[in-house]
$ cat protein.txt   # compact mmCIF, C-alpha atoms and all ligand atoms
# COMPACT_ATOMS: atom_id res chain seq x y z
CA MET A 117 -35.27 -5.83 6.54
CA ILE A 118 -32.74 -3.11 5.88
CA ALA A 119 -31.98 -1.58 2.48
CA ASN A 120 -28.46 -0.22 2.06
CA TRP A 121 -28.40 1.86 -1.10
CA LYS A 122 -24.69 2.69 -0.80
CA MET A 123 -23.60 5.39 -3.31
CA HIS A 124 -26.62 4.85 -5.58
CA LYS A 125 -29.64 6.91 -6.63
CA THR A 126 -29.98 10.64 -7.11
CA VAL A 127 -32.25 12.61 -4.79
CA GLU A 128 -35.05 12.38 -7.37
CA GLU A 129 -34.59 8.63 -7.88
CA SER A 130 -34.55 8.07 -4.13
CA ARG A 131 -37.68 10.10 -3.63
CA ALA A 132 -39.47 8.26 -6.46
CA PHE A 133 -38.58 4.85 -4.93
CA ALA A 134 -39.89 5.91 -1.51
CA ARG A 135 -43.10 7.28 -3.00
CA GLU A 136 -43.70 4.09 -4.97
CA LEU A 137 -42.90 1.91 -1.97
CA VAL A 138 -45.35 3.72 0.30
CA ARG A 139 -48.04 3.62 -2.41
CA ARG A 140 -47.74 -0.15 -2.78
CA MET A 141 -47.00 -1.12 0.80
CA SER A 142 -50.53 -1.84 1.90
CA ARG A 143 -50.27 -5.09 -0.06
CA SER A 144 -47.21 -6.13 1.85
CA ALA A 145 -47.35 -8.00 5.16
CA PRO A 146 -47.64 -5.55 8.04
CA SER A 147 -45.25 -7.10 10.55
CA THR A 148 -41.99 -6.65 8.63
CA GLN A 149 -39.95 -3.77 9.97
CA LEU A 150 -38.35 -1.91 7.09
CA ILE A 151 -35.43 0.50 7.22
CA ILE A 152 -34.14 2.34 4.15
CA CYS A 153 -30.62 3.78 4.18
CA PRO A 154 -30.19 6.18 1.25
CA THR A 155 -27.19 8.46 0.72
CA ALA A 156 -26.89 11.30 3.23
CA LEU A 157 -27.89 13.70 0.44
CA SER A 158 -31.22 11.95 -0.14
CA LEU A 159 -32.06 11.29 3.49
CA TRP A 160 -34.32 14.23 4.09
CA ALA A 161 -36.21 13.90 0.80
CA VAL A 162 -36.83 10.18 1.37
CA GLY A 163 -37.91 10.90 4.94
CA GLN A 164 -40.54 13.33 3.68
CA GLU A 165 -42.02 10.60 1.47
CA LEU A 166 -42.03 8.09 4.35
CA ILE A 167 -43.99 10.27 6.78
CA GLY A 168 -47.00 8.32 8.02
CA SER A 169 -45.67 4.98 6.72
CA ARG A 170 -44.08 2.21 8.78
CA VAL A 171 -40.80 2.45 6.88
CA MET A 172 -37.95 3.94 8.91
CA LEU A 173 -34.97 5.89 7.74
CA GLY A 174 -31.29 5.17 8.40
CA GLY A 175 -27.93 6.71 7.56
CA GLN A 176 -25.10 4.65 6.06
CA ASN A 177 -22.32 6.08 8.21
CA LEU A 178 -21.68 8.83 10.72
CA ASP A 179 -18.65 10.84 11.68
CA LEU A 180 -17.59 11.49 15.26
CA GLY A 181 -18.61 14.70 17.00
CA ARG A 182 -21.70 16.84 16.70
CA GLU A 183 -20.80 19.99 14.77
CA GLY A 184 -17.55 21.70 13.91
CA ALA A 185 -14.77 22.35 11.43
CA PHE A 186 -14.64 18.89 9.84
CA THR A 187 -14.97 19.44 6.11
CA GLY A 188 -17.08 16.81 4.41
CA ALA A 189 -18.16 15.11 7.63
CA VAL A 190 -21.75 14.26 8.56
CA SER A 191 -22.50 13.76 12.25
CA GLY A 192 -25.09 11.55 13.90
CA TYR A 193 -26.76 14.68 15.18
CA LEU A 194 -27.23 15.94 11.58
CA LEU A 195 -28.50 12.56 10.41
CA HIS A 196 -31.01 12.51 13.22
CA GLU A 197 -32.12 16.04 12.43
CA ALA A 198 -32.68 14.97 8.80
CA GLY A 199 -35.03 12.21 9.95
CA ALA A 200 -32.86 9.14 10.52
CA LYS A 201 -33.67 6.80 13.39
CA TRP A 202 -30.93 4.30 12.57
CA VAL A 203 -27.39 4.33 11.22
CA ILE A 204 -25.19 1.62 9.73
CA VAL A 205 -21.82 1.42 11.50
CA GLY A 206 -18.77 -0.63 10.56
CA HIS A 207 -19.93 -1.78 7.12
CA SER A 208 -17.10 -3.79 5.58
CA GLU A 209 -16.75 -1.19 2.80
CA ARG A 210 -16.05 1.45 5.47
CA ARG A 211 -13.60 -0.87 7.21
CA GLN A 212 -11.91 -1.82 3.93
CA TYR A 213 -11.85 1.41 1.88
CA PHE A 214 -11.93 4.03 4.63
CA GLY A 215 -9.65 2.29 7.11
CA GLU A 216 -12.17 2.04 9.93
CA SER A 217 -10.75 0.02 12.81
CA ASP A 218 -12.65 -2.00 15.43
CA SER A 219 -11.94 0.79 17.88
CA LEU A 220 -13.34 3.52 15.60
CA VAL A 221 -16.42 1.38 14.94
CA SER A 222 -16.96 1.10 18.68
CA GLN A 223 -16.60 4.89 19.11
CA LYS A 224 -19.07 5.44 16.28
CA VAL A 225 -21.60 3.10 17.89
CA ALA A 226 -21.31 5.15 21.11
CA GLN A 227 -21.63 8.39 19.14
CA ALA A 228 -24.68 7.13 17.25
CA TRP A 229 -26.40 6.29 20.52
CA GLU A 230 -25.54 9.71 21.94
CA SER A 231 -27.07 11.24 18.79
CA HIS A 232 -30.36 9.38 19.40
CA LEU A 233 -29.70 6.95 16.56
CA ARG A 234 -29.87 3.18 16.89
CA PRO A 235 -26.76 1.56 15.42
CA ILE A 236 -26.85 -1.24 12.85
CA VAL A 237 -23.45 -2.82 13.44
CA CYS A 238 -21.92 -4.86 10.62
CA VAL A 239 -19.42 -7.64 11.23
CA GLY A 240 -17.98 -10.17 8.83
CA GLU A 241 -14.88 -12.09 7.78
CA SER A 242 -12.85 -11.74 4.59
CA LEU A 243 -12.53 -14.51 2.02
CA ASN A 244 -9.07 -15.36 3.36
CA ASP A 245 -10.35 -15.57 6.90
CA TYR A 246 -13.22 -17.76 5.71
CA ARG A 247 -10.91 -20.11 3.79
CA GLU A 248 -8.52 -20.38 6.69
CA ALA A 249 -11.30 -21.09 9.19
CA ARG A 250 -10.89 -17.82 11.09
CA THR A 251 -14.55 -16.79 10.94
CA ILE A 252 -15.15 -17.45 14.65
CA SER A 253 -12.10 -15.52 15.81
CA VAL A 254 -12.79 -12.53 13.51
CA ILE A 255 -16.43 -12.24 14.54
CA THR A 256 -15.56 -12.68 18.22
CA ARG A 257 -12.92 -9.94 17.97
CA GLN A 258 -15.28 -7.55 16.15
CA ILE A 259 -18.14 -8.05 18.61
CA GLU A 260 -15.96 -7.92 21.72
CA ALA A 261 -14.33 -4.70 20.48
CA LEU A 262 -17.72 -2.99 20.64
CA PHE A 263 -17.68 -3.23 24.42
CA LYS A 264 -14.47 -1.17 24.70
CA GLU A 265 -15.99 2.23 23.87
CA THR A 266 -19.72 1.64 24.01
CA SER A 267 -22.04 1.41 27.00
CA ARG A 268 -24.13 -1.68 27.63
CA GLU A 269 -27.24 0.46 27.33
CA ALA A 270 -26.25 1.43 23.79
CA LEU A 271 -25.42 -2.17 22.94
CA ARG A 272 -28.85 -3.34 24.07
CA ASN A 273 -30.26 -1.15 21.30
CA ILE A 274 -28.21 -2.24 18.33
CA ILE A 275 -28.97 -4.51 15.43
CA VAL A 276 -26.07 -6.74 14.40
CA ALA A 277 -25.71 -7.70 10.74
CA TYR A 278 -23.48 -10.65 9.96
CA GLU A 279 -22.11 -9.93 6.50
CA PRO A 280 -19.32 -12.17 5.21
CA ILE A 281 -17.26 -9.78 3.06
CA TRP A 282 -16.87 -12.40 0.34
CA ALA A 283 -20.66 -12.58 -0.02
CA ILE A 284 -21.27 -8.84 -0.45
CA GLY A 285 -22.19 -7.97 -4.02
CA THR A 286 -20.70 -11.21 -5.37
CA GLY A 287 -23.68 -13.51 -5.76
CA GLU A 288 -21.90 -15.97 -3.45
CA VAL A 289 -23.66 -16.89 -0.22
CA PRO A 290 -22.71 -19.12 2.70
CA GLN A 291 -24.74 -22.18 3.54
CA PRO A 292 -27.71 -20.77 5.48
CA SER A 293 -26.84 -23.12 8.35
CA GLN A 294 -23.31 -21.65 8.48
CA ALA A 295 -24.75 -18.13 8.64
CA ASN A 296 -27.07 -19.37 11.37
CA ASP A 297 -24.11 -20.73 13.36
CA VAL A 298 -22.38 -17.34 13.19
CA ALA A 299 -25.60 -15.59 14.23
CA ALA A 300 -25.78 -18.00 17.20
CA LEU A 301 -22.18 -17.15 18.09
CA ILE A 302 -23.00 -13.42 18.01
CA ARG A 303 -25.96 -14.02 20.33
CA GLU A 304 -23.76 -16.06 22.64
CA ILE A 305 -21.11 -13.35 22.96
CA LEU A 306 -23.74 -10.66 23.53
CA ALA A 307 -25.43 -12.88 26.12
CA GLN A 308 -22.17 -13.26 28.05
CA LYS A 309 -21.59 -9.51 28.06
CA ILE A 310 -25.19 -8.41 28.58
CA PRO A 311 -26.62 -11.36 30.53
CA ASP A 312 -30.13 -9.94 30.97
CA ASP A 313 -30.62 -9.27 27.28
CA ARG A 314 -30.02 -12.46 25.37
CA ASP A 315 -32.72 -12.33 22.73
CA ASP A 316 -33.44 -8.67 22.29
CA VAL A 317 -30.62 -7.74 19.93
CA PRO A 318 -31.77 -8.70 16.44
CA VAL A 319 -29.17 -10.50 14.34
CA LEU A 320 -29.48 -10.16 10.56
CA TYR A 321 -27.74 -11.82 7.66
CA GLY A 322 -26.39 -9.74 4.74
CA GLY A 323 -24.55 -10.63 1.52
CA SER A 324 -26.13 -11.20 -1.91
CA VAL A 325 -29.63 -11.57 -0.49
CA SER A 326 -32.42 -11.49 -3.07
CA SER A 327 -36.06 -12.53 -3.34
CA LYS A 328 -34.79 -15.91 -4.58
CA ASN A 329 -32.73 -16.82 -1.51
CA ILE A 330 -34.03 -14.66 1.36
CA HIS A 331 -36.31 -17.40 2.62
CA GLN A 332 -33.35 -19.75 3.15
CA PHE A 333 -31.82 -17.28 5.59
CA LEU A 334 -34.97 -16.09 7.30
CA SER A 335 -36.02 -19.64 8.07
CA GLN A 336 -32.90 -20.10 10.23
CA PRO A 337 -33.69 -19.91 13.95
CA HIS A 338 -30.98 -17.37 14.85
CA ILE A 339 -31.46 -15.02 11.89
CA ASP A 340 -34.04 -12.28 12.42
CA GLY A 341 -33.85 -10.46 9.11
CA ALA A 342 -31.72 -9.34 6.20
CA LEU A 343 -29.49 -6.41 5.29
CA VAL A 344 -29.78 -6.03 1.53
CA GLY A 345 -27.61 -4.00 -0.84
CA GLY A 346 -27.97 -4.51 -4.60
CA ALA A 347 -31.39 -6.18 -4.54
CA SER A 348 -32.85 -3.33 -2.47
CA LEU A 349 -32.39 -0.84 -5.30
CA HIS A 350 -35.42 -2.10 -7.20
CA VAL A 351 -38.79 -1.44 -5.66
CA GLU A 352 -40.37 -4.59 -7.10
CA GLU A 353 -37.65 -6.79 -5.68
CA PHE A 354 -37.73 -4.94 -2.36
CA LEU A 355 -41.48 -5.50 -2.03
CA LYS A 356 -41.09 -9.17 -2.89
CA MET A 357 -38.52 -9.61 -0.14
CA ALA A 358 -40.60 -7.67 2.38
CA ASP A 359 -43.55 -9.91 1.60
CA ILE A 360 -41.50 -13.01 2.31
CA ALA A 361 -39.92 -11.86 5.56
CA PRO A 362 -42.72 -12.28 8.12
CA TYR A 363 -43.76 -15.71 6.89
CA GLU A 364 -40.33 -17.27 6.81
CA ASN A 365 -38.95 -15.93 10.05
CA THR A 366 -39.78 -18.26 12.91
CA ASN A 367 -37.42 -16.72 15.45
CA GLN A 368 -39.52 -13.61 16.06
CA GLU A 369 -42.49 -15.74 17.03
CA GLN A 370 -40.63 -17.69 19.72
C1 LIG A 401 -24.49 -4.71 1.82
O1 LIG A 401 -24.25 -3.69 1.21
O2 LIG A 401 -24.44 -4.69 3.06
C2 LIG A 401 -24.86 -5.91 1.08
C3 LIG A 401 -25.20 -6.96 1.77
O3 LIG A 401 -24.82 -5.84 -0.28
P1 LIG A 401 -25.38 -6.95 -1.33
O4 LIG A 401 -26.75 -7.33 -0.85
O5 LIG A 401 -25.38 -6.27 -2.63
O6 LIG A 401 -24.45 -8.12 -1.26
$ encode --input "protein.txt" --output "structure tokens"
Amino acid sequence: MIANWKMHKTVEESRAFARELVRRMSRSAPSTQLIICPTALSLWAVGQELIGSRVMLGGQNLDLGREGAFTGAVSGYLLHEAGAKWVIVGHSERRQYFGESDSLVSQKVAQAWESHLRPIVCVGESLNDYREARTISVITRQIEALFKETSREALRNIIVAYEPIWAIGTGEVPQPSQANDVAALIREILAQKIPDDRDDVPVLYGGSVSSKNIHQFLSQPHIDGALVGGASLHVEEFLKMADIAPYENTNQEQ
């Protein structure tokens, strides 16, 4: 399960969440892999609280390059130095508000891998695409674009999160079976491109997940976990979801 905190929580609030989470984690089922993605500012402080726990740290975005005269930019190298093991790439908010193209997303995935970070690649269709039955073509285009700039080795080490844009932060969710079909499609495309690696790339669902509906998604055979925004901001809710994950997910046991 991945928590994407977006532009929320001060350094102190982030640190307090992490401390509370670690304190209460022993109650939670041990097999769930947890990744927290705070703001870049809070990364290091959260990482300090997570030392010795099984919760991993991720960035929410990276810029290209390693170091240099790029005012305001944060590279994968710097994220890694601050303690991140993972980084979200191609979140729909980055694609929508920061103009990130499929090609830039692919370059960022390559850069993340070069910076010793494992990429969490987000794909998803808009409401218009969904209404006009273009989900399959959009997802196919977004996944296939990854192979333009990124090595197969890097792509063996990604997580893919299927996040319909219309479900993010809206309270709307697709039918779990529809999300499962898209996850199956993602697996199929990856299997064609990386034939020896069919089941190793985890595919997650994201979009208005909460403790009330997470089980519906995790019980789908092609969905390995959840990327959670709003509901991950509250430690109680986060722990509830983490408790559910290992029991509902059948795919990991196959
Ligand atoms: C997200 O930020 O990727 C997300 C899924 O947000 P929310 O859970 O709030 O819909």
$ residues_near_ligand --input "protein.txt" --ligand "ligand LIG 401 (chain A)" --cutoff "10 Å" --atoms "all atoms listed in the file" --output "ChimeraX atom specification"
/A:118-122,176,204,207-209,238,277-289,321-326,342-349
$ residues_near_point --input "protein.txt" --point "(-13.9, -19.5, 15.7)" --cutoff "12 Å" --atoms "all atoms listed in the file" --output "PyMOL selection string"
chain A and resi 241+245-246+248-257+297-298+301-302+305
$ atom_distance --input "protein.txt" --atom1 "CA of Glu128 in chain A" --atom2 "CA of Lys356 in chain A"
22.8 Å
$ closest_residue --input "protein.txt" --among "A:Asp179, A:Val239, A:Ala261, A:Gln227" --to "Phe214 in chain A" --atoms "all atoms listed in the file"
A:Asp179
$ atom_distance --input "protein.txt" --atom1 "CA of Val127 in chain A" --atom2 "CA of Ser169 in chain A"
19.3 Å
$ closest_residue --input "protein.txt" --among "A:Ser231, A:Leu137, A:Gly199, A:Ser130" --to "Leu180 in chain A" --atoms "only C-alpha atoms"
A:Ser231
$ atom_distance --input "protein.txt" --atom1 "CA of Asp340 in chain A" --atom2 "CA of Ser242 in chain A"
22.6 Å
$ residues_near_point --input "protein.txt" --point "(-21.1, -2.3, 24.0)" --cutoff "10 Å" --atoms "only C-alpha atoms" --output "PyMOL selection string"
chain A and resi 222-223+225-226+259-274+306+309-310
$ closest_residue --input "protein.txt" --among "A:Asp359, A:Glu197, A:Glu230, A:Glu216" --to "Asn177 in chain A" --atoms "only C-alpha atoms"
A:Glu216
$ closest_residue --input "protein.txt" --among "A:Lys201, A:Arg182, A:Arg170, A:Arg139" --to "Cys153 in chain A" --atoms "all atoms listed in the file"
A:Lys201
